[in-house]
Every structure is written in C-alpha cells, then in structure tokens.
>>> print(open('data.csv').read())   # CSV, C-alpha atoms
chain,number,residue,atom,x,y,z
A,1,MET,CA,-9.6,-17.0,26.6
A,2,SER,CA,-6.9,-18.0,24.2
A,3,GLU,CA,-5.3,-15.4,21.9
A,4,GLU,CA,-6.6,-17.3,18.9
A,5,VAL,CA,-10.2,-17.0,20.0
A,6,ARG,CA,-9.8,-13.3,20.8
A,7,SER,CA,-8.2,-12.4,17.5
A,8,TYR,CA,-11.0,-14.4,15.7
A,9,ARG,CA,-13.7,-12.3,17.5
A,10,ASP,CA,-11.9,-9.1,16.9
A,11,GLY,CA,-11.6,-9.9,13.2
A,12,MET,CA,-15.3,-10.7,12.9
A,13,ARG,CA,-16.3,-7.5,14.7
A,14,ALA,CA,-13.9,-5.5,12.7
A,15,VAL,CA,-15.3,-6.6,9.4
A,16,LEU,CA,-18.7,-5.2,10.3
A,17,ALA,CA,-17.3,-1.7,10.8
A,18,ILE,CA,-15.3,-2.1,7.6
A,19,ALA,CA,-18.3,-3.5,5.7
A,20,ALA,CA,-20.3,-0.4,6.6
A,21,THR,CA,-17.5,1.7,5.2
A,22,VAL,CA,-17.2,-0.5,2.1
A,23,TRP,CA,-21.0,-0.2,1.6
A,24,PHE,CA,-20.8,3.6,1.5
A,25,PHE,CA,-18.0,3.4,-1.0
A,26,GLY,CA,-20.0,1.0,-3.1
A,27,ALA,CA,-22.9,3.4,-3.1
A,28,SER,CA,-20.6,6.3,-4.1
A,29,PHE,CA,-19.1,4.1,-6.8
A,30,GLY,CA,-22.6,3.4,-8.2
A,31,LEU,CA,-23.5,7.1,-8.0
A,32,LEU,CA,-20.3,8.3,-9.7
A,33,ALA,CA,-20.4,5.6,-12.3
A,34,ARG,CA,-24.0,6.4,-13.3
A,35,SER,CA,-23.3,10.2,-13.4
A,36,SER,CA,-20.2,9.5,-15.5
A,37,GLY,CA,-22.4,7.8,-18.1
A,38,LEU,CA,-21.7,4.1,-17.4
A,39,GLY,CA,-25.3,3.3,-17.1
A,40,VAL,CA,-27.0,1.2,-14.5
A,41,VAL,CA,-26.1,-2.4,-15.4
A,42,ALA,CA,-22.4,-2.0,-16.2
A,43,PRO,CA,-21.5,-0.7,-12.8
A,44,LEU,CA,-23.4,-3.5,-11.1
A,45,VAL,CA,-21.7,-6.1,-13.3
A,46,MET,CA,-18.4,-4.5,-12.6
A,47,SER,CA,-18.9,-4.6,-8.8
A,48,ALA,CA,-20.0,-8.3,-9.0
A,49,THR,CA,-17.0,-9.4,-11.1
A,50,THR,CA,-14.1,-7.1,-10.4
A,51,PHE,CA,-14.9,-6.5,-6.7
A,52,ALA,CA,-12.0,-4.2,-6.0
A,53,GLY,CA,-12.8,-0.6,-5.1
A,54,SER,CA,-9.8,1.3,-6.1
A,55,ALA,CA,-9.6,-0.1,-9.6
A,56,GLN,CA,-13.3,0.5,-10.1
A,57,PHE,CA,-13.0,4.1,-9.0
A,58,ALA,CA,-10.0,4.6,-11.3
A,59,VAL,CA,-12.0,3.3,-14.3
A,60,VAL,CA,-14.9,5.6,-13.6
A,61,SER,CA,-12.7,8.6,-13.2
A,62,ILE,CA,-10.8,7.9,-16.4
A,63,LEU,CA,-13.8,7.1,-18.5
A,64,GLY,CA,-15.7,10.1,-16.9
A,65,THR,CA,-12.9,12.5,-17.9
A,66,SER,CA,-12.9,11.4,-21.5
A,67,GLY,CA,-9.9,9.1,-21.1
A,68,GLY,CA,-9.9,6.1,-23.4
A,69,ALA,CA,-10.7,2.5,-22.8
A,70,ALA,CA,-7.0,1.6,-22.9
A,71,ALA,CA,-6.0,4.0,-20.2
A,72,ALA,CA,-8.9,2.8,-18.0
A,73,ILE,CA,-7.9,-0.8,-18.5
A,74,ALA,CA,-4.2,-0.2,-17.9
A,75,ALA,CA,-4.9,1.7,-14.6
A,76,ALA,CA,-7.2,-0.9,-13.3
A,77,VAL,CA,-5.0,-3.9,-14.3
A,78,LEU,CA,-2.0,-2.2,-12.6
A,79,LEU,CA,-4.0,-1.5,-9.5
A,80,ASN,CA,-5.2,-5.1,-9.2
A,81,ALA,CA,-1.9,-6.8,-10.1
A,82,ARG,CA,-1.3,-6.8,-6.3
A,83,TYR,CA,-3.8,-9.7,-6.1
A,84,VAL,CA,-1.3,-12.0,-7.7
A,85,PRO,CA,1.1,-12.0,-4.7
A,86,ILE,CA,-1.8,-11.7,-2.4
A,87,SER,CA,-3.6,-14.8,-3.8
A,88,ILE,CA,-0.3,-16.7,-3.7
A,89,SER,CA,0.0,-15.9,0.0
A,90,VAL,CA,-3.3,-17.6,0.7
A,91,ALA,CA,-3.3,-20.3,-2.0
A,92,SER,CA,-3.1,-23.2,0.5
A,93,LEU,CA,-6.4,-22.1,2.1
A,94,PHE,CA,-8.4,-23.1,-1.0
A,95,HIS,CA,-9.1,-26.7,-1.9
A,96,GLY,CA,-11.6,-28.8,-3.8
A,97,ARG,CA,-12.4,-28.7,-7.5
A,98,ARG,CA,-10.9,-26.0,-9.7
A,99,LEU,CA,-14.2,-24.2,-10.1
A,100,ARG,CA,-14.7,-24.1,-6.4
A,101,ARG,CA,-11.2,-22.7,-5.9
A,102,LEU,CA,-11.8,-20.1,-8.6
A,103,ALA,CA,-15.1,-19.0,-7.0
A,104,GLY,CA,-13.7,-18.9,-3.5
A,105,ALA,CA,-10.7,-16.9,-4.6
A,106,GLN,CA,-13.0,-14.1,-5.7
A,107,LEU,CA,-13.6,-13.3,-2.0
A,108,ILE,CA,-10.0,-12.2,-1.7
A,109,VAL,CA,-10.0,-8.5,-1.3
A,110,ASP,CA,-7.5,-6.2,0.6
A,111,GLU,CA,-9.7,-6.1,3.7
A,112,SER,CA,-10.7,-9.8,3.9
A,113,TRP,CA,-7.1,-10.8,3.3
A,114,ALA,CA,-5.7,-8.4,5.9
A,115,ILE,CA,-8.2,-9.4,8.5
A,116,SER,CA,-7.5,-13.1,8.0
A,117,SER,CA,-3.8,-12.7,8.4
A,118,ARG,CA,-2.3,-14.2,11.5
A,119,GLY,CA,1.3,-13.1,11.1
A,120,GLY,CA,4.3,-15.1,9.9
A,121,GLY,CA,2.6,-15.8,6.6
A,122,ARG,CA,-0.3,-17.7,8.2
A,123,PHE,CA,-3.9,-17.0,7.3
A,124,ASP,CA,-7.2,-18.1,8.7
A,125,ARG,CA,-9.5,-19.6,6.1
A,126,ARG,CA,-12.8,-19.0,7.9
A,127,LEU,CA,-12.0,-15.4,8.5
A,128,LEU,CA,-11.1,-14.8,4.9
A,129,ILE,CA,-14.2,-16.5,3.5
A,130,GLY,CA,-16.5,-15.0,6.2
A,131,ALA,CA,-15.1,-11.5,5.9
A,132,GLY,CA,-15.1,-11.8,2.1
A,133,LEU,CA,-18.7,-12.7,1.9
A,134,VAL,CA,-19.8,-9.9,4.1
A,135,LEU,CA,-17.7,-7.4,2.1
A,136,TYR,CA,-18.9,-8.7,-1.2
A,137,ALA,CA,-22.5,-8.3,-0.2
A,138,ALA,CA,-21.8,-4.8,1.1
A,139,TRP,CA,-20.0,-3.8,-2.0
A,140,VAL,CA,-22.6,-5.1,-4.5
A,141,THR,CA,-25.7,-3.8,-2.5
A,142,GLY,CA,-23.9,-0.5,-2.0
A,143,THR,CA,-23.4,-0.2,-5.7
A,144,ALA,CA,-27.0,-1.0,-6.4
A,145,VAL,CA,-28.2,1.7,-4.0
A,146,GLY,CA,-25.8,4.1,-5.6
A,147,VAL,CA,-26.9,3.6,-9.2
A,148,ALA,CA,-30.5,3.7,-8.1
A,149,GLY,CA,-29.9,7.2,-6.8
A,150,GLY,CA,-27.5,7.5,-3.9
A,151,GLU,CA,-27.5,11.3,-3.9
A,152,ALA,CA,-29.3,11.3,-0.5
A,153,LEU,CA,-26.4,9.4,1.1
A,154,GLY,CA,-23.9,12.2,0.6
A,155,ASP,CA,-20.2,12.0,-0.1
A,156,PRO,CA,-18.4,9.3,1.9
A,157,ARG,CA,-15.5,11.8,2.0
A,158,ASP,CA,-17.7,14.1,4.1
A,159,LEU,CA,-18.0,11.2,6.6
A,160,GLY,CA,-14.2,10.8,6.6
A,161,LEU,CA,-14.5,7.3,5.4
A,162,ASP,CA,-11.4,7.6,3.1
A,163,GLY,CA,-9.4,8.2,6.3
A,164,ALA,CA,-10.7,4.9,7.8
A,165,PHE,CA,-9.0,2.6,5.3
A,166,PRO,CA,-5.4,3.6,6.0
A,167,ALA,CA,-6.1,3.4,9.8
A,168,LEU,CA,-7.5,-0.1,9.4
A,169,PHE,CA,-4.4,-1.2,7.4
A,170,LEU,CA,-2.2,0.4,10.0
A,171,ALA,CA,-3.9,-1.5,12.8
A,172,LEU,CA,-3.5,-4.7,10.9
A,173,LEU,CA,0.1,-3.9,10.0
A,174,VAL,CA,1.0,-3.4,13.7
A,175,SER,CA,-0.1,-6.9,14.5
A,176,GLN,CA,2.2,-8.2,11.7
A,177,LEU,CA,5.4,-6.6,13.0
A,178,VAL,CA,6.3,-9.8,14.9
A,179,ASP,CA,10.0,-9.8,14.3
A,180,ARG,CA,12.8,-7.6,13.1
A,181,LYS,CA,12.7,-8.9,9.6
A,182,ALA,CA,9.0,-8.0,9.2
A,183,GLN,CA,9.7,-4.6,10.6
A,184,VAL,CA,12.5,-3.9,8.2
A,185,ALA,CA,10.6,-5.2,5.3
A,186,ALA,CA,7.5,-3.2,6.2
A,187,LEU,CA,9.6,0.0,6.5
A,188,LEU,CA,11.3,-0.7,3.2
A,189,GLY,CA,7.9,-1.3,1.5
A,190,ALA,CA,6.5,1.9,2.9
A,191,ALA,CA,9.5,3.8,1.8
A,192,ILE,CA,9.3,2.4,-1.8
A,193,ALA,CA,5.6,3.3,-2.0
A,194,PHE,CA,6.2,6.7,-0.6
A,195,ALA,CA,9.0,7.4,-3.0
A,196,LEU,CA,7.0,6.4,-6.1
A,197,THR,CA,3.7,8.0,-5.2
A,198,PRO,CA,4.5,11.5,-6.6
A,199,PHE,CA,5.7,10.1,-10.0
A,200,THR,CA,3.6,7.1,-10.8
A,201,PRO,CA,-0.1,6.3,-11.4
A,202,ALA,CA,-2.0,4.8,-8.5
A,203,GLY,CA,-1.3,1.1,-8.1
A,204,THR,CA,2.3,1.2,-9.2
A,205,PRO,CA,3.7,2.1,-5.7
A,206,ILE,CA,2.0,-0.9,-4.2
A,207,VAL,CA,3.2,-3.4,-6.8
A,208,ALA,CA,6.7,-2.0,-6.6
A,209,ALA,CA,6.7,-2.1,-2.8
A,210,SER,CA,6.3,-5.8,-2.9
A,211,ALA,CA,9.9,-6.0,-4.0
A,212,ALA,CA,10.7,-5.5,-0.3
A,213,CYS,CA,9.6,-9.1,0.3
A,214,LEU,CA,12.9,-10.2,-1.3
A,215,LEU,CA,14.4,-9.6,2.1
A,216,GLY,CA,12.7,-12.8,3.0
A,217,LEU,CA,14.8,-14.8,0.6
A,218,ARG,CA,18.1,-14.4,2.3
A,219,ARG,CA,17.8,-16.4,5.5
A,220,ARG,CA,18.3,-20.1,5.0
A,221,PRO,CA,15.8,-22.4,6.8
A,222,GLY,CA,17.2,-24.0,9.9
A,223,LEU,CA,19.2,-20.9,10.8
A,224,ARG,CA,16.1,-19.2,12.1
A,225,ARG,CA,16.9,-17.6,15.4
A,226,GLN,CA,14.3,-18.0,18.1
A,227,ARG,CA,13.3,-14.8,19.8
A,228,THR,CA,10.7,-14.5,22.5
B,1,MET,CA,-19.6,-0.1,-26.0
B,2,THR,CA,-16.4,1.2,-24.6
B,3,VAL,CA,-17.8,0.8,-21.1
B,4,TRP,CA,-18.6,-2.9,-21.6
B,5,LEU,CA,-15.2,-3.5,-23.1
B,6,VAL,CA,-13.5,-2.1,-20.0
B,7,VAL,CA,-15.9,-3.9,-17.6
B,8,ALA,CA,-15.2,-7.2,-19.4
B,9,VAL,CA,-11.4,-6.9,-19.6
B,10,VAL,CA,-10.9,-5.5,-16.1
B,11,GLY,CA,-13.3,-8.1,-14.7
B,12,THR,CA,-11.6,-11.0,-16.4
B,13,ALA,CA,-8.1,-9.8,-15.5
B,14,THR,CA,-9.0,-9.3,-11.8
B,15,ILE,CA,-10.7,-12.7,-11.6
B,16,ALA,CA,-7.6,-14.3,-13.0
B,17,PHE,CA,-5.3,-12.3,-10.6
B,18,LYS,CA,-7.3,-13.4,-7.6
B,19,ALA,CA,-7.4,-17.0,-8.7
B,20,ALA,CA,-3.7,-17.2,-9.7
B,21,GLY,CA,-2.5,-18.6,-6.3
B,22,PRO,CA,-5.4,-20.9,-5.5
B,23,LEU,CA,-5.6,-22.4,-9.0
B,24,LEU,CA,-1.9,-22.7,-9.9
B,25,LEU,CA,-0.5,-23.6,-6.5
B,26,GLY,CA,-3.4,-25.3,-4.9
B,27,ARG,CA,-2.4,-27.0,-1.6
B,28,ARG,CA,1.2,-27.6,-2.7
B,29,ARG,CA,3.6,-26.3,-0.2
B,30,LEU,CA,5.9,-23.5,-1.2
B,31,PRO,CA,9.7,-24.2,-1.1
B,32,ASP,CA,11.1,-22.7,2.2
B,33,GLN,CA,13.0,-19.9,0.4
B,34,VAL,CA,9.8,-18.8,-1.3
B,35,ALA,CA,7.8,-19.2,1.9
B,36,GLY,CA,10.1,-16.8,3.6
B,37,LEU,CA,9.4,-14.3,0.9
B,38,VAL,CA,5.6,-14.8,1.1
B,39,ALA,CA,5.6,-14.5,4.9
B,40,LEU,CA,6.8,-10.9,4.3
B,41,LEU,CA,4.0,-10.1,1.8
B,42,ALA,CA,1.5,-9.1,4.5
B,43,PRO,CA,3.6,-6.6,6.4
B,44,VAL,CA,5.1,-5.2,3.2
B,45,LEU,CA,1.8,-4.7,1.3
B,46,LEU,CA,0.0,-3.5,4.4
B,47,ALA,CA,2.7,-0.9,4.9
B,48,ALA,CA,2.5,0.2,1.3
B,49,LEU,CA,-1.3,0.4,1.5
B,50,VAL,CA,-1.1,2.6,4.6
B,51,VAL,CA,1.1,5.0,2.6
B,52,THR,CA,-0.9,5.0,-0.6
B,53,GLN,CA,-4.3,5.3,1.2
B,54,THR,CA,-3.0,8.1,3.3
B,55,VAL,CA,-1.1,10.4,0.9
B,56,GLY,CA,-1.7,8.7,-2.5
B,57,GLY,CA,-3.0,10.4,-5.5
B,58,ASP,CA,-2.5,9.9,-9.3
B,59,ASN,CA,1.1,10.9,-10.0
B,60,ARG,CA,1.2,13.1,-6.9
B,61,LEU,CA,1.4,13.2,-3.2
B,62,VAL,CA,-1.9,14.4,-1.6
B,63,LEU,CA,-1.7,15.8,1.9
B,64,ASP,CA,-5.2,16.2,3.3
B,65,ALA,CA,-7.5,15.3,6.2
B,66,ARG,CA,-6.7,11.6,5.8
B,67,LEU,CA,-3.4,12.3,7.6
B,68,VAL,CA,-5.2,13.5,10.7
B,69,GLY,CA,-7.5,10.5,10.5
B,70,VAL,CA,-4.5,8.1,10.4
B,71,GLY,CA,-3.0,10.0,13.3
B,72,ALA,CA,-6.2,9.5,15.3
B,73,GLY,CA,-6.2,5.9,14.3
B,74,ALA,CA,-2.6,5.5,15.4
B,75,ALA,CA,-3.4,7.1,18.8
B,76,ALA,CA,-6.3,4.6,19.2
B,77,ILE,CA,-4.0,1.7,18.3
B,78,ALA,CA,-1.5,2.9,20.8
B,79,ALA,CA,-4.3,3.0,23.4
B,80,ARG,CA,-5.0,-0.6,22.6
B,81,ALA,CA,-8.5,0.3,21.3
B,82,PRO,CA,-10.4,-2.5,19.5
B,83,LEU,CA,-10.3,-2.4,15.6
B,84,PRO,CA,-13.8,-1.0,15.1
B,85,ALA,CA,-13.0,1.9,17.5
B,86,VAL,CA,-9.8,2.5,15.5
B,87,VAL,CA,-11.8,2.7,12.3
B,88,VAL,CA,-14.5,5.0,13.8
B,89,ALA,CA,-11.9,7.3,15.4
B,90,ALA,CA,-10.0,7.7,12.1
B,91,ALA,CA,-13.2,8.4,10.1
B,92,ALA,CA,-14.4,10.9,12.7
B,93,ALA,CA,-11.1,12.7,12.8
B,94,THR,CA,-10.9,12.8,9.0
B,95,ALA,CA,-14.5,14.2,8.7
B,96,VAL,CA,-14.0,16.8,11.4
B,97,THR,CA,-10.8,18.0,9.9
B,98,ARG,CA,-12.4,18.2,6.5
B,99,LEU,CA,-15.3,20.2,7.9
B,100,LEU,CA,-12.9,22.7,9.6
B,101,THR,CA,-10.5,23.3,6.7
>>> encode(input="data.csv", output="structure tokens")
Amino acid sequence: MSEEVRSYRDGMRAVLAIAATVWFFGASFGLLARSSGLGVVAPLVMSATTFAGSAQFAVVSILGTSGGAAAAIAAAVLLNARYVPISISVASLFHGRRLRRLAGAQLIVDESWAISSRGGGRFDRRLLIGAGLVLYAAWVTGTAVGVAGGEALGDPRDLGLDGAFPALFLALLVSQLVDRKAQVAALLGAAIAFALTPFTPAGTPIVAASAACLLGLRRRPGLRRQRT
Amino acid sequence: MTVWLVVAVVGTATIAFKAAGPLLLGRRRLPDQVAGLVALLAPVLLAALVVTQTVGGDNRLVLDARLVGVGAGAAAIAARAPLPAVVVAAAAATAVTRLLT
C-alpha cells in the first residue's frame, strides 16, 4: 500500500473521532449560548455562518459576562484572523466560479485544514472538503442539540475533550516536521505563542506566531538542498 | 439586538477571512519566495495551536489537566498509534486527571 493511500485513510478515520469531539463542543456551545441569553436562533445562525469554535465560545463568554458588542467582535475577529494565512495556503485547491470558491472555502476550519495537509505546503482537496463537510454537519447539529437542551450531555470538559484538540494538532504537527527548516520554524512559532499567551487575549498568540513563517523567505529557489 | 449585530459582523468577517485565499488568489501560483513562506504555515500554526490549546487562557497561562492529556497523546504518537487512538488517549487522560484533582 502506498503511503499516499495510507495517509488518506488515516485522515478519513481521524476526522470521525474529531467530528465526535467537535459535535460535543457544538452542543456545549449551543447550551452555553442559550443560557447566556443569546436565544435559540442566533447561536444556530452563528454556527452555520462563522463555523469556528474558539471565536464563538469567546463571543458567548464576553456577551454572557456583560462585555459589550465591540469587545466580543474584536476578540472573535482576532481569533479568526488566522484564517487569512490558512486560506492562502490552500487557495489553489479551489476552482470554478467565484460563488463556488466562496462556498467551498467556508469548509476551511483548523481541523479540516490540518488533516488535509501533506507537508511541504501541499494539501489534499478531497480530504479538506470531505473532512470539512463532516465537521460542519457535526458542529451545526451539535449546536442544535445544545440549544434544544443539552444539559443531559454533560460538560465536554468532564469528558476531557478539551485535551483532545492539542493532541490532535500535535500528531498532525509531527507529520509536518519533514526538514530542518520546518522544525526550526515550528519551534519558533511555538515559542512566540507561548511567550505571548500570558499577556494577550486568546487569538493574538496564534496570529503573532505566523511571523515565524518569514524564515521561509530566506532561501532562494534552486539552492534547495536535497536531504533524504 | 446586540447579539444579532455580533453574529452578523463576526459571521461576515469570518466568511471573508476564509474566502480570502481562494477568491483573491484562485489557482494562480504563488511566487517561489512566497511559496517558501506558505510552506511553513502548517508547521508554524500547528505548533502555535498546540501551545494555545494546551496552556492558553485569556491573558494568562492555564496549567491544567490538558497538559496530562497532551502528554498521553505524545506518548501515543511516539508509540505510532493511529490518529483516533491519539485523540481518545488524550481525552481519557485529561478526563481522568480532572476527575482526580
């Protein structure tokens, strides 16, 4: 079996475990949003349009603790700004009419993007779309169950689900550390994120860490050393 | 009313962020210099996500059961466990740690 086929299968299997986790978080988002006074329809519309967990949780926690609309918007926009570089990295996977590209791009979310990554800046279109659709369905149906009364499901933190996401990202990161440059950049990115975490609102560390990518500018094409 | 304003603005901004690459770049190839930079996006952002999802809080470092979960996940990765097993091991270790502390 070729490595390509194996990684494809691993990815598809992985997204199911992640989708279950995402579903629970969608349910807890719906539950929290409703108990914070956001109503029933607004959380559903938000899950269907924003489709980005951390930003949505930030909005609920800020509005729920009498923070203003401006603070909620600023936090969520900062959190989701990472989707600009992320969407640039997968831009070539989307083709067709503008509306089709616009719609397809909405399936870009941390997990679908990470699972579709093949290292060296390459991404698999089928994996991204497939994983994105599964995750979107999980997020929206989870939200619906949550706003309808997800108390019975319990807190996803009690199930340890918040510890599952960093482990997933770590597993996907390991497969990305293909050469020395990637390793150094990853280390630098992690260091920037770690250094900023105690002083900045959530979201800022990730956006700032992307500066570590500038390491990729230095080497001129053609001088690439082959290492096996 | 405030809620709907936030939902509308955040939704519109996020849709625009996600569409930025596919709409503005399309299938055009990036210049080699920029491609080198974009190739590092995945390892860099994934590394940053590992850090923020493990110890991240709002304006503070939070050391809790997630650390143990990531440790268990790392052990599973080192043992060459498949991805779903890594995810389950991390969740289980996080849950058990939280139960005991």
>>> interface_residues(input="data.csv", of="chain A", to="chain B", cutoff="6 Å", atoms="only C-alpha atoms", output="PyMOL selection string")
chain A and resi 14+17+46+49-50+73+83-84+87-89+91-92+94+102+105+120-121+158-161+163-164+166-170+173+176+185-186+189-190+193+197-202+206+213-214+216-217
>>> atom_distance(input="data.csv", atom1="CA of Thr65 in chain A", atom2="CA of Val41 in chain A")
20.1 Å
>>> atom_distance(input="data.csv", atom1="CA of Ala182 in chain A", atom2="CA of Arg101 in chain A")
29.2 Å
>>> closest_residue(input="data.csv", among="A:Pro43, A:Leu79, A:Leu32, A:Ala171", to="Thr204 in chain A", atoms="only C-alpha atoms")
A:Leu79
>>> residues_around(input="data.csv", residues="Thr141 in chain A", least_positions_apart="5", cutoff="10 Å", atoms="all atoms listed in the file", output="PyMOL selection string")
chain A and resi 23-24+26-27+30+44+47-48+135-136+146
>>> atom_distance(input="data.csv", atom1="CA of Ser28 in chain A", atom2="CA of Val174 in chain A")
29.6 Å
>>> residues_around(input="data.csv", residues="Ile62 in chain A", least_positions_apart="3", cutoff="12 Å", atoms="only C-alpha atoms", output="number ranges by chain")
A: 32-33, 36-38, 55-59, 65-76, 201; B: 2-3, 6, 58
>>> decode(input="data.csv", residues="range 29-87 of chain A", atoms="C-alpha atoms", output="PDB file, in the first residue's frame")
ATOM      1  CA  PHE A  29     -21.688  25.984  22.602  1.00  0.00           C
ATOM      2  CA  GLY A  30     -25.436  25.816  21.989  1.00  0.00           C
ATOM      3  CA  LEU A  31     -26.115  25.170  25.652  1.00  0.00           C
ATOM      4  CA  LEU A  32     -23.829  27.973  26.846  1.00  0.00           C
ATOM      5  CA  ALA A  33     -25.135  30.421  24.259  1.00  0.00           C
ATOM      6  CA  ARG A  34     -28.734  29.813  25.232  1.00  0.00           C
ATOM      7  CA  SER A  35     -28.052  30.040  28.963  1.00  0.00           C
ATOM      8  CA  SER A  36     -26.124  33.286  28.314  1.00  0.00           C
ATOM      9  CA  GLY A  37     -29.212  34.809  26.768  1.00  0.00           C
ATOM     10  CA  LEU A  38     -28.369  34.545  23.075  1.00  0.00           C
ATOM     11  CA  GLY A  39     -31.623  32.789  22.333  1.00  0.00           C
ATOM     12  CA  VAL A  40     -32.156  29.806  20.075  1.00  0.00           C
ATOM     13  CA  VAL A  41     -31.849  31.096  16.518  1.00  0.00           C
ATOM     14  CA  ALA A  42     -28.793  33.348  16.871  1.00  0.00           C
ATOM     15  CA  PRO A  43     -26.450  30.556  18.070  1.00  0.00           C
ATOM     16  CA  LEU A  44     -27.607  28.351  15.180  1.00  0.00           C
ATOM     17  CA  VAL A  45     -27.071  31.111  12.636  1.00  0.00           C
ATOM     18  CA  MET A  46     -23.663  31.774  14.144  1.00  0.00           C
ATOM     19  CA  SER A  47     -22.603  28.118  13.917  1.00  0.00           C
ATOM     20  CA  ALA A  48     -23.797  27.938  10.320  1.00  0.00           C
ATOM     21  CA  THR A  49     -22.014  31.126   9.215  1.00  0.00           C
ATOM     22  CA  THR A  50     -18.972  31.590  11.466  1.00  0.00           C
ATOM     23  CA  PHE A  51     -18.187  27.862  11.873  1.00  0.00           C
ATOM     24  CA  ALA A  52     -15.174  28.414  14.130  1.00  0.00           C
ATOM     25  CA  GLY A  53     -15.430  27.092  17.650  1.00  0.00           C
ATOM     26  CA  SER A  54     -12.976  29.191  19.608  1.00  0.00           C
ATOM     27  CA  ALA A  55     -14.316  32.510  18.294  1.00  0.00           C
ATOM     28  CA  GLN A  56     -17.893  31.501  19.027  1.00  0.00           C
ATOM     29  CA  PHE A  57     -17.050  30.487  22.575  1.00  0.00           C
ATOM     30  CA  ALA A  58     -15.261  33.804  23.026  1.00  0.00           C
ATOM     31  CA  VAL A  59     -18.351  35.706  21.876  1.00  0.00           C
ATOM     32  CA  VAL A  60     -20.608  33.804  24.262  1.00  0.00           C
ATOM     33  CA  SER A  61     -18.308  34.277  27.236  1.00  0.00           C
ATOM     34  CA  ILE A  62     -17.893  38.003  26.586  1.00  0.00           C
ATOM     35  CA  LEU A  63     -21.584  38.724  25.946  1.00  0.00           C
ATOM     36  CA  GLY A  64     -22.523  36.437  28.845  1.00  0.00           C
ATOM     37  CA  THR A  65     -20.355  38.389  31.272  1.00  0.00           C
ATOM     38  CA  SER A  66     -21.829  41.749  30.299  1.00  0.00           C
ATOM     39  CA  GLY A  67     -18.995  42.590  27.942  1.00  0.00           C
ATOM     40  CA  GLY A  68     -20.021  44.839  25.071  1.00  0.00           C
ATOM     41  CA  ALA A  69     -20.581  44.023  21.425  1.00  0.00           C
ATOM     42  CA  ALA A  70     -17.317  45.743  20.478  1.00  0.00           C
ATOM     43  CA  ALA A  71     -15.246  43.544  22.789  1.00  0.00           C
ATOM     44  CA  ALA A  72     -16.970  40.395  21.542  1.00  0.00           C
ATOM     45  CA  ILE A  73     -16.435  41.355  17.904  1.00  0.00           C
ATOM     46  CA  ALA A  74     -12.786  42.316  18.454  1.00  0.00           C
ATOM     47  CA  ALA A  75     -11.995  39.026  20.196  1.00  0.00           C
ATOM     48  CA  ALA A  76     -13.710  36.891  17.568  1.00  0.00           C
ATOM     49  CA  VAL A  77     -12.179  38.766  14.626  1.00  0.00           C
ATOM     50  CA  LEU A  78      -8.715  38.478  16.149  1.00  0.00           C
ATOM     51  CA  LEU A  79      -9.242  34.769  16.763  1.00  0.00           C
ATOM     52  CA  ASN A  80     -10.371  34.144  13.209  1.00  0.00           C
ATOM     53  CA  ALA A  81      -7.746  36.325  11.512  1.00  0.00           C
ATOM     54  CA  ARG A  82      -5.605  33.173  11.279  1.00  0.00           C
ATOM     55  CA  TYR A  83      -7.935  32.026   8.505  1.00  0.00           C
ATOM     56  CA  VAL A  84      -6.375  34.585   6.161  1.00  0.00           C
ATOM     57  CA  PRO A  85      -2.964  32.844   6.024  1.00  0.00           C
ATOM     58  CA  ILE A  86      -4.663  29.443   6.292  1.00  0.00           C
ATOM     59  CA  SER A  87      -6.927  30.128   3.310  1.00  0.00           C
TER      60      SER A  87
END
